[in-house]
>>> print(open('coords.txt').read())   # compact mmCIF, C-alpha atoms
# COMPACT_ATOMS: atom_id res chain seq x y z
CA MET A 20 -35.01 10.78 -27.24
CA ASP A 21 -33.04 8.44 -29.54
CA GLY A 22 -34.38 4.90 -29.74
CA ASN A 23 -31.07 3.33 -28.81
CA LYS A 24 -31.06 5.12 -25.46
CA SER A 25 -32.90 4.15 -22.33
CA PHE A 26 -34.13 6.24 -19.47
CA PRO A 27 -32.25 5.83 -16.18
CA SER A 28 -33.74 3.04 -14.10
CA ASP A 29 -32.69 0.52 -11.51
CA PHE A 30 -29.66 -1.69 -12.03
CA THR A 31 -29.30 -5.28 -10.86
CA LEU A 32 -26.09 -6.17 -8.99
CA VAL A 33 -25.09 -9.82 -9.38
CA GLY A 34 -22.81 -9.49 -6.33
CA LEU A 35 -20.31 -11.87 -4.77
CA PHE A 36 -22.87 -14.18 -3.24
CA THR A 37 -24.38 -17.14 -5.01
CA HIS A 38 -27.30 -19.27 -3.94
CA GLY A 39 -25.02 -22.14 -2.93
CA LYS A 40 -23.71 -23.12 0.48
CA ALA A 41 -20.57 -21.06 -0.01
CA SER A 42 -22.53 -17.80 0.03
CA GLY A 43 -23.03 -17.97 3.80
CA VAL A 44 -19.31 -18.50 4.35
CA ILE A 45 -18.39 -15.62 2.04
CA PHE A 46 -20.92 -13.40 3.78
CA SER A 47 -19.46 -14.23 7.21
CA VAL A 48 -15.88 -13.65 6.04
CA ILE A 49 -16.73 -10.26 4.53
CA CYS A 50 -18.62 -9.27 7.69
CA VAL A 51 -15.59 -10.10 9.83
CA ILE A 52 -13.21 -8.27 7.48
CA PHE A 53 -15.46 -5.19 7.39
CA PHE A 54 -15.87 -4.87 11.16
CA MET A 55 -12.19 -5.62 11.78
CA ALA A 56 -11.19 -2.98 9.22
CA MET A 57 -13.48 -0.39 10.79
CA MET A 58 -12.26 -1.21 14.29
CA ALA A 59 -8.54 -1.32 13.38
CA ASN A 60 -8.66 1.97 11.47
CA GLY A 61 -10.78 3.58 14.18
CA VAL A 62 -8.28 2.54 16.86
CA MET A 63 -5.41 3.92 14.77
CA ILE A 64 -7.14 7.29 14.39
CA PHE A 65 -7.94 7.41 18.11
CA LEU A 66 -4.40 6.53 19.20
CA ILE A 67 -2.79 9.02 16.83
CA HIS A 68 -5.16 11.77 17.96
CA VAL A 69 -4.79 11.36 21.74
CA ASP A 70 -1.16 10.22 22.14
CA VAL A 71 1.32 13.08 21.97
CA HIS A 72 4.12 10.65 21.05
CA LEU A 73 2.37 9.96 17.72
CA HIS A 74 1.98 13.61 16.71
CA THR A 75 4.50 13.31 13.88
CA PRO A 76 4.13 13.80 10.10
CA MET A 77 4.10 10.07 9.40
CA TYR A 78 1.28 9.35 11.84
CA PHE A 79 -0.61 12.47 10.75
CA LEU A 80 -0.72 11.08 7.21
CA LEU A 81 -1.42 7.57 8.48
CA SER A 82 -4.46 8.77 10.45
CA HIS A 83 -5.93 10.25 7.27
CA LEU A 84 -5.14 7.05 5.36
CA SER A 85 -7.17 5.17 7.98
CA PHE A 86 -10.02 7.66 7.59
CA ILE A 87 -10.05 7.19 3.80
CA ASP A 88 -10.02 3.40 4.23
CA MET A 89 -13.03 3.60 6.54
CA MET A 90 -14.90 5.82 4.12
CA TYR A 91 -14.47 3.91 0.90
CA ILE A 92 -15.06 0.46 2.37
CA SER A 93 -18.27 1.93 3.83
CA THR A 94 -19.49 2.99 0.39
CA ILE A 95 -19.45 -0.63 -0.84
CA VAL A 96 -19.66 -3.33 1.83
CA PRO A 97 -22.70 -2.25 3.93
CA LYS A 98 -24.88 -2.07 0.81
CA MET A 99 -23.66 -5.50 -0.30
CA LEU A 100 -24.28 -7.12 3.11
CA THR A 101 -27.73 -5.61 3.64
CA ASP A 102 -28.81 -6.62 0.13
CA TYR A 103 -27.80 -10.21 0.87
CA LEU A 104 -29.79 -10.26 4.12
CA ALA A 105 -32.81 -8.65 2.47
CA GLY A 106 -32.60 -10.85 -0.61
CA LYS A 107 -32.39 -7.72 -2.76
CA LYS A 108 -30.06 -7.14 -5.69
CA THR A 109 -31.26 -3.88 -7.18
CA ILE A 110 -29.69 -0.43 -6.92
CA SER A 111 -31.29 2.74 -8.25
CA PHE A 112 -29.61 4.92 -10.85
CA ALA A 113 -29.18 7.71 -8.27
CA ALA A 114 -27.69 5.35 -5.67
CA CYS A 115 -25.35 3.83 -8.27
CA THR A 116 -24.20 7.29 -9.30
CA ALA A 117 -23.61 8.31 -5.68
CA GLN A 118 -21.67 5.12 -4.94
CA TYR A 119 -19.56 5.60 -8.06
CA PHE A 120 -18.86 9.25 -7.19
CA LEU A 121 -17.87 8.59 -3.57
CA TYR A 122 -15.83 5.50 -4.35
CA MET A 123 -13.81 7.21 -7.10
CA GLY A 124 -13.14 10.18 -4.83
CA PHE A 125 -11.98 8.15 -1.83
CA VAL A 126 -9.90 5.61 -3.73
CA GLY A 127 -8.36 8.36 -5.86
CA ALA A 128 -7.31 10.23 -2.72
CA GLU A 129 -5.71 7.04 -1.38
CA PHE A 130 -3.74 6.50 -4.59
CA PHE A 131 -2.11 9.91 -4.20
CA LEU A 132 -1.69 9.70 -0.41
CA LEU A 133 0.16 6.36 -0.51
CA GLY A 134 2.64 7.78 -3.00
CA LEU A 135 3.26 10.87 -0.87
CA MET A 136 3.60 8.76 2.29
CA ALA A 137 6.44 6.90 0.58
CA TYR A 138 8.11 10.28 0.03
CA ASP A 139 7.75 10.94 3.77
CA ARG A 140 9.61 7.70 4.58
CA TYR A 141 12.29 8.60 2.02
CA VAL A 142 12.93 11.98 3.64
CA ALA A 143 12.94 10.48 7.16
CA ILE A 144 15.57 7.88 6.31
CA CYS A 145 17.65 9.52 3.59
CA ASN A 146 17.54 13.15 4.81
CA PRO A 147 16.89 12.92 8.58
CA LEU A 148 18.55 16.24 9.41
CA ARG A 149 16.30 18.12 6.98
CA TYR A 150 13.17 16.14 7.89
CA PRO A 151 11.61 18.87 10.14
CA ILE A 152 11.90 21.35 7.24
CA LEU A 153 10.97 19.07 4.34
CA MET A 154 8.02 17.57 6.27
CA SER A 155 6.80 20.58 8.21
CA ARG A 156 3.18 20.91 9.30
CA ARG A 157 2.49 23.12 6.29
CA VAL A 158 3.92 20.48 3.95
CA CYS A 159 1.80 17.78 5.61
CA TRP A 160 -1.39 19.77 5.07
CA LEU A 161 -0.30 20.46 1.48
CA ILE A 162 0.18 16.71 0.90
CA LEU A 163 -3.22 15.99 2.39
CA ALA A 164 -4.95 18.73 0.39
CA SER A 165 -3.29 17.53 -2.83
CA SER A 166 -4.50 13.97 -2.23
CA TRP A 167 -8.09 15.04 -1.63
CA PHE A 168 -7.99 17.42 -4.59
CA GLY A 169 -6.73 14.66 -6.88
CA GLY A 170 -9.44 12.26 -5.71
CA ALA A 171 -12.18 14.90 -6.04
CA LEU A 172 -11.00 15.92 -9.52
CA ASP A 173 -11.04 12.29 -10.65
CA SER A 174 -14.53 11.81 -9.25
CA PHE A 175 -15.95 15.01 -10.78
CA LEU A 176 -14.44 14.16 -14.17
CA LEU A 177 -15.36 10.50 -14.52
CA THR A 178 -18.77 10.35 -12.83
CA PRO A 179 -20.66 12.68 -15.22
CA ILE A 180 -19.03 11.10 -18.28
CA THR A 181 -19.76 7.54 -17.18
CA MET A 182 -23.27 7.98 -15.87
CA SER A 183 -24.37 10.09 -18.85
CA LEU A 184 -23.67 7.21 -21.25
CA PRO A 185 -26.77 5.41 -22.58
CA PHE A 186 -27.13 1.98 -20.91
CA CYS A 187 -29.09 0.31 -23.67
CA ALA A 188 -27.43 -3.12 -23.66
CA SER A 189 -28.42 -4.32 -20.20
CA HIS A 190 -29.03 -3.10 -16.67
CA LYS A 191 -27.51 -6.20 -15.08
CA ILE A 192 -24.16 -5.38 -13.44
CA ASP A 193 -22.06 -8.53 -13.11
CA HIS A 194 -20.20 -7.10 -10.13
CA PHE A 195 -20.76 -6.26 -6.44
CA PHE A 196 -20.74 -2.48 -6.84
CA CYS A 197 -20.90 0.21 -9.52
CA GLU A 198 -17.30 0.23 -10.76
CA ALA A 199 -16.15 2.12 -13.85
CA PRO A 200 -15.05 -0.71 -16.20
CA THR A 201 -18.17 -2.75 -15.44
CA MET A 202 -20.46 0.21 -16.06
CA LEU A 203 -18.64 0.90 -19.33
CA ARG A 204 -19.42 -2.61 -20.60
CA LEU A 205 -23.14 -1.91 -20.16
CA ALA A 206 -23.01 1.35 -22.08
CA CYS A 207 -23.44 1.85 -25.78
CA GLY A 208 -22.72 4.78 -28.06
CA ASP A 209 -19.52 6.76 -28.46
CA LYS A 210 -17.09 5.97 -25.61
CA ALA A 211 -14.02 7.69 -27.04
CA ALA A 212 -14.19 10.71 -24.71
CA TYR A 213 -14.62 8.48 -21.68
CA GLU A 214 -11.73 6.20 -22.65
CA MET A 215 -9.39 9.16 -23.19
CA VAL A 216 -10.25 10.76 -19.82
CA MET A 217 -9.99 7.39 -18.08
CA TYR A 218 -6.56 6.75 -19.59
CA ILE A 219 -5.25 10.16 -18.49
CA CYS A 220 -6.68 9.71 -14.99
CA CYS A 221 -5.13 6.25 -14.67
CA VAL A 222 -1.70 7.53 -15.69
CA VAL A 223 -1.88 10.39 -13.20
CA MET A 224 -3.54 8.46 -10.36
CA LEU A 225 -1.84 5.07 -10.67
CA LEU A 226 1.41 5.14 -12.61
CA VAL A 227 2.75 8.42 -11.20
CA PRO A 228 2.13 7.60 -7.48
CA PHE A 229 3.36 4.03 -7.96
CA SER A 230 6.54 5.36 -9.60
CA VAL A 231 7.07 7.65 -6.60
CA VAL A 232 6.61 4.69 -4.24
CA ALA A 233 9.04 2.50 -6.22
CA ALA A 234 11.69 5.24 -6.47
CA SER A 235 11.38 6.20 -2.79
CA TYR A 236 11.73 2.68 -1.44
CA ALA A 237 14.50 1.85 -3.91
CA ARG A 238 16.48 4.80 -2.59
CA ILE A 239 15.68 3.81 1.00
CA LEU A 240 16.97 0.27 0.44
CA VAL A 241 20.18 1.62 -1.12
CA VAL A 242 20.79 3.85 1.90
CA VAL A 243 19.96 1.09 4.38
CA HIS A 244 22.21 -1.36 2.55
CA GLY A 245 25.13 1.02 3.11
CA THR A 246 24.71 1.05 6.90
CA ARG A 247 26.96 -1.05 9.11
CA SER A 248 24.36 -2.29 11.60
CA ALA A 249 23.18 -5.79 10.67
CA GLU A 250 20.22 -5.52 13.03
CA GLY A 251 19.25 -2.16 11.53
CA LYS A 252 19.41 -3.63 8.04
CA ARG A 253 17.22 -6.56 9.03
CA LYS A 254 14.54 -4.38 10.61
CA ALA A 255 14.57 -1.87 7.75
CA PHE A 256 14.29 -4.58 5.09
CA ALA A 257 11.47 -6.31 6.99
CA THR A 258 9.52 -3.05 7.36
CA CYS A 259 10.11 -1.88 3.78
CA SER A 260 9.27 -5.27 2.29
CA SER A 261 5.89 -5.40 4.07
CA HIS A 262 5.04 -1.84 3.00
CA VAL A 263 6.14 -2.40 -0.60
CA LEU A 264 4.23 -5.69 -0.82
CA THR A 265 0.99 -4.08 0.39
CA VAL A 266 1.32 -1.04 -1.88
CA THR A 267 2.29 -3.18 -4.89
CA LEU A 268 -0.72 -5.45 -4.48
CA PHE A 269 -3.00 -2.42 -4.05
CA TYR A 270 -1.72 -0.60 -7.14
CA GLY A 271 -1.36 -3.86 -9.06
CA ALA A 272 -5.01 -4.78 -8.56
CA ALA A 273 -6.07 -1.27 -9.58
CA LEU A 274 -3.83 -1.34 -12.67
CA TYR A 275 -5.42 -4.62 -13.73
CA THR A 276 -8.91 -3.20 -13.26
CA TYR A 277 -8.45 0.14 -15.01
CA MET A 278 -5.57 -0.16 -17.50
CA LEU A 279 -5.59 -3.74 -18.81
CA PRO A 280 -7.47 -4.18 -22.12
CA GLN A 281 -10.99 -5.56 -21.88
CA SER A 282 -9.96 -8.78 -23.65
CA TYR A 283 -8.04 -9.81 -20.49
CA HIS A 284 -11.04 -9.28 -18.20
CA THR A 285 -13.62 -11.76 -16.99
CA PRO A 286 -16.40 -11.09 -14.44
CA LEU A 287 -14.79 -13.48 -11.92
CA LYS A 288 -11.33 -11.91 -12.23
CA ASP A 289 -12.81 -8.44 -11.93
CA LYS A 290 -14.60 -9.37 -8.71
CA VAL A 291 -11.49 -10.96 -7.17
CA PHE A 292 -9.17 -8.05 -7.96
CA SER A 293 -11.74 -5.46 -6.92
CA ALA A 294 -12.44 -7.29 -3.67
CA PHE A 295 -8.76 -7.20 -2.84
CA TYR A 296 -8.21 -3.46 -3.10
CA THR A 297 -11.69 -2.40 -1.93
CA ILE A 298 -12.31 -4.88 0.94
CA LEU A 299 -8.97 -6.40 2.02
CA THR A 300 -6.71 -3.34 1.69
CA PRO A 301 -8.58 -1.27 4.32
CA LEU A 302 -7.83 -4.09 6.78
CA LEU A 303 -4.24 -4.68 5.68
CA ASN A 304 -3.13 -1.04 5.92
CA PRO A 305 -3.55 -0.58 9.70
CA LEU A 306 -2.18 -4.07 10.38
CA ILE A 307 0.95 -3.57 8.29
CA TYR A 308 1.61 -0.07 9.60
CA SER A 309 0.94 -0.92 13.28
CA LEU A 310 1.73 -4.53 14.19
CA ARG A 311 5.42 -4.03 13.42
CA ASN A 312 5.49 -0.59 15.02
CA ARG A 313 6.72 -0.14 18.59
CA ASP A 314 5.38 3.42 18.79
CA VAL A 315 1.80 2.29 18.17
CA ALA A 316 2.15 -0.61 20.62
CA GLY A 317 3.45 1.78 23.27
CA ALA A 318 0.61 4.22 22.63
CA PHE A 319 -1.94 1.43 22.92
CA GLU A 320 -0.46 0.31 26.24
CA ARG A 321 -0.50 3.86 27.61
CA ILE A 322 -4.13 4.33 26.57
CA LEU A 323 -5.10 0.97 28.04
CA THR A 324 -3.52 1.76 31.38
CA LEU A 325 -5.18 5.18 31.39
CA LEU A 326 -8.63 3.77 30.67
CA VAL A 327 -8.47 1.24 33.53
CA GLY A 328 -6.77 3.60 35.97
CA ALA A 329 -3.59 1.54 35.96
CA ALA A 330 -1.54 4.44 37.29
CA LYS A 331 -2.82 3.45 40.72
CA PHE A 332 -1.61 -0.13 40.34
CA LEU A 333 1.79 -1.70 40.87
CA GLN A 334 3.97 -3.70 38.46
CA GLU A 335 2.46 -7.07 39.29
CA ASP A 336 -1.02 -5.69 38.54
CA LEU A 337 0.09 -4.65 35.03
CA GLU A 338 1.12 -8.13 33.90
CA LEU A 339 -2.38 -8.72 32.54
CA PHE A 340 -2.24 -5.55 30.41
CA SER A 341 1.22 -6.46 29.13
CA GLY A 342 -0.17 -9.81 28.04
CA ILE A 343 -3.02 -8.12 26.17
CA VAL A 344 -0.64 -5.76 24.38
CA SER A 345 1.69 -8.62 23.43
CA ASP A 346 -1.26 -10.55 21.97
CA LEU A 347 -2.41 -7.56 19.89
CA PHE A 348 1.11 -6.63 18.75
CA PRO A 349 2.92 -10.00 18.44
CA PHE A 350 5.67 -8.62 16.20
CA VAL A 351 6.75 -5.96 18.68
CA LYS A 352 9.27 -7.15 21.25
CA LYS A 353 9.12 -5.20 24.45
CA GLU A 354 12.47 -4.27 25.91
CA GLU A 355 13.17 -5.72 29.32
CA THR A 356 13.77 -3.20 32.05
CA GLY A 357 16.26 -3.87 34.80
CA HIS A 358 16.43 -2.38 38.29
CA GLY A 359 20.06 -3.14 39.12
CA ILE A 360 21.16 0.49 39.50
CA LEU A 361 18.01 1.44 41.43
CA ASP A 362 18.40 -1.62 43.68
CA GLN A 363 22.00 -0.72 44.51
CA ALA A 364 21.09 2.93 45.17
CA ILE A 365 18.34 1.91 47.62
CA ARG A 366 20.68 -0.47 49.46
CA LYS A 367 23.36 2.22 49.80
CA ALA A 368 20.77 4.71 51.08
CA CYS A 369 19.60 2.16 53.65
CA GLU A 370 23.17 1.56 54.85
CA LYS A 371 23.86 5.28 55.06
CA SER A 372 20.74 5.88 57.12
CA ASN A 373 21.26 2.76 59.25
CA LEU A 374 17.99 1.25 58.04
CA LYS A 375 17.40 -2.48 58.06
CA ASP A 376 16.57 -4.24 54.80
CA VAL A 377 13.32 -5.82 55.93
CA GLU A 378 11.59 -8.31 53.66
CA GLY A 379 9.71 -6.60 50.84
CA PHE A 380 11.13 -3.11 51.43
CA LEU A 381 13.20 -3.08 48.22
CA THR A 382 10.33 -4.47 46.18
CA LYS A 383 7.89 -1.85 47.48
CA SER A 384 10.39 0.94 46.84
CA ILE A 385 10.87 -0.16 43.21
CA GLN A 386 7.10 -0.49 42.71
CA SER A 387 6.60 3.01 44.10
CA ASN A 388 9.11 4.35 41.59
CA GLU A 389 7.34 2.56 38.72
CA THR A 390 4.00 4.03 39.76
CA THR A 391 5.53 7.54 39.74
CA VAL A 392 6.98 6.97 36.26
CA MET A 393 3.61 5.69 34.99
CA GLN A 394 1.78 8.73 36.37
CA HIS A 395 4.32 11.02 34.68
CA ASP A 396 3.74 9.29 31.31
CA LEU A 397 -0.01 9.63 31.69
CA MET A 398 0.31 13.32 32.51
CA LEU A 399 2.25 13.74 29.24
CA LEU A 400 -0.47 11.81 27.44
CA GLY A 401 -3.24 13.99 28.83
CA ALA A 402 -1.36 17.24 28.26
CA LYS A 403 -2.32 17.36 24.60
>>> encode(input="coords.txt", output="structure tokens")
Amino acid sequence: MDGNKSFPSDFTLVGLFTHGKASGVIFSVICVIFFMAMMANGVMIFLIHVDVHLHTPMYFLLSHLSFIDMMYISTIVPKMLTDYLAGKKTISFAACTAQYFLYMGFVGAEFFLLGLMAYDRYVAICNPLRYPILMSRRVCWLILASSWFGGALDSFLLTPITMSLPFCASHKIDHFFCEAPTMLRLACGDKAAYEMVMYICCVVMLLVPFSVVAASYARILVVVHGTRSAEGKRKAFATCSSHVLTVTLFYGAALYTYMLPQSYHTPLKDKVFSAFYTILTPLLNPLIYSLRNRDVAGAFERILTLLVGAAKFLQEDLELFSGIVSDLFPFVKKEETGHGILDQAIRKACEKSNLKDVEGFLTKSIQSNETTVMQHDLMLLGAK
């Protein structure tokens, strides 16, 4: 073997944690973010799977986005947290290769999926009449398969090239996981093939999907701007702005990491940008796509009432559950329901049948109707 090369051995991860007092705070924050991300994405997958009202193309793609988020945050954060608790900073060559392979596959699939999800929103708003055809079940599976294929291709291309480079300079990784640019800085020898493949992959995985996102939302905003409803414009702009902001920050951080020349990089900047799109994004995605979404809030309320047997309760017993839902989904305003027509119909029926309006009769009749409606909704929920 050439003298400049070294045999594969353990690497040392510097990580995000220092030996100062701030390390405990950072550890606690990352723990909270990780468990919240896992729980939020898990709830989204569960709701979309069991609630028939969410069996639409958008939520089908969103459930797989949540799955990808859970997978790629799990390839990085648990290792980082356990190493901090164990006081260990080493990672074997095999483990580093596996982490690199899985991470590149999952994050690559998300790059493609986010771009295609923007196309879904474009079709829904700009071509609503053709939406069932343009976003059929077959098209949804094709979108999903394309995303996974793109991520897998990226992973199978870059992992062998990167991990076959000779790491003769140092085995100390000034990062919190085995990421491509950081591993490249440790390598020596001819890197031309790697740099060419990396550039092509970045163009295909980052610039193309981001261009699709930008074009789709630009067209959506043009269409929305031409509508007459001021309230519709406000809601559409609020929703689109939150989606665009999240996607822009995600792609922006990745573009900095993979396409900016090495002269602009520092270890601290690399850690901050990588932490954003590998740790924070899996938490932001379900929050952005659900907290402003009335469909998800309604599904959560239906599941909650089903789990506690609320179909047997009356309206006054459901106030607690309504409060819980409003706390979890503060941006969703629940429409008030009135009983004026039902109240008048009951009074007329009482007069026609010569029945006296005793105290509480109207209230009990309305509550009985609400219980029947709730049971009907739950039967629809359990039908799938």
>>> residues_around(input="coords.txt", residues="region 191-196 of chain A", least_positions_apart="3", cutoff="8 Å", atoms="only C-alpha atoms", output="MDAnalysis selection string")
chainID A and resid 30:35 95 99 115 118 201:202 205 286 289:290
>>> closest_atom_pairs(input="coords.txt", of="region 64-169 of chain A", to="region 234-251 of chain A", cutoff="8 Å", atoms="all atoms listed in the file", output="tab-separated table")
residue	atom	partner	partner_atom	distance
A:Ala137	CA	A:Ser235	CA	6.0
A:Tyr138	CA	A:Ser235	CA	5.9
A:Arg140	CA	A:Ser235	CA	7.7
A:Tyr141	CA	A:Ser235	CA	5.5
A:Ile144	CA	A:Ile239	CA	6.7
A:Cys145	CA	A:Ile239	CA	6.6
>>> residues_around(input="coords.txt", residues="Phe86 (chain A)", least_positions_apart="3", cutoff="12 Å", atoms="only C-alpha atoms", output="JSON, numbers by chain")
{"A": [56, 57, 58, 59, 60, 61, 62, 63, 64, 65, 67, 79, 80, 81, 82, 83, 89, 90, 91, 92, 93, 125, 126, 128, 129, 132, 163, 167, 301, 302, 304, 305]}
>>> atom_distance(input="coords.txt", atom1="CA of Pro280 (chain A)", atom2="CA of Thr109 (chain A)")
28.1 Å
>>> atom_distance(input="coords.txt", atom1="CA of Tyr308 (chain A)", atom2="CA of Thr265 (chain A)")
10.1 Å
>>> atom_distance(input="coords.txt", atom1="CA of His262 (chain A)", atom2="CA of Tyr275 (chain A)")
19.9 Å
>>> closest_residue(input="coords.txt", among="A:Val158, A:Met224, A:Leu268, A:Met182", to="Cys207 (chain A)", atoms="all atoms listed in the file")
A:Met182
>>> residues_around(input="coords.txt", residues="Phe168 (chain A)", least_positions_apart="6", cutoff="10 Å", atoms="all atoms listed in the file", output="list in words")
Gly124, Gly127, Ala128, Phe131, Ile162 and Ser174 of chain A
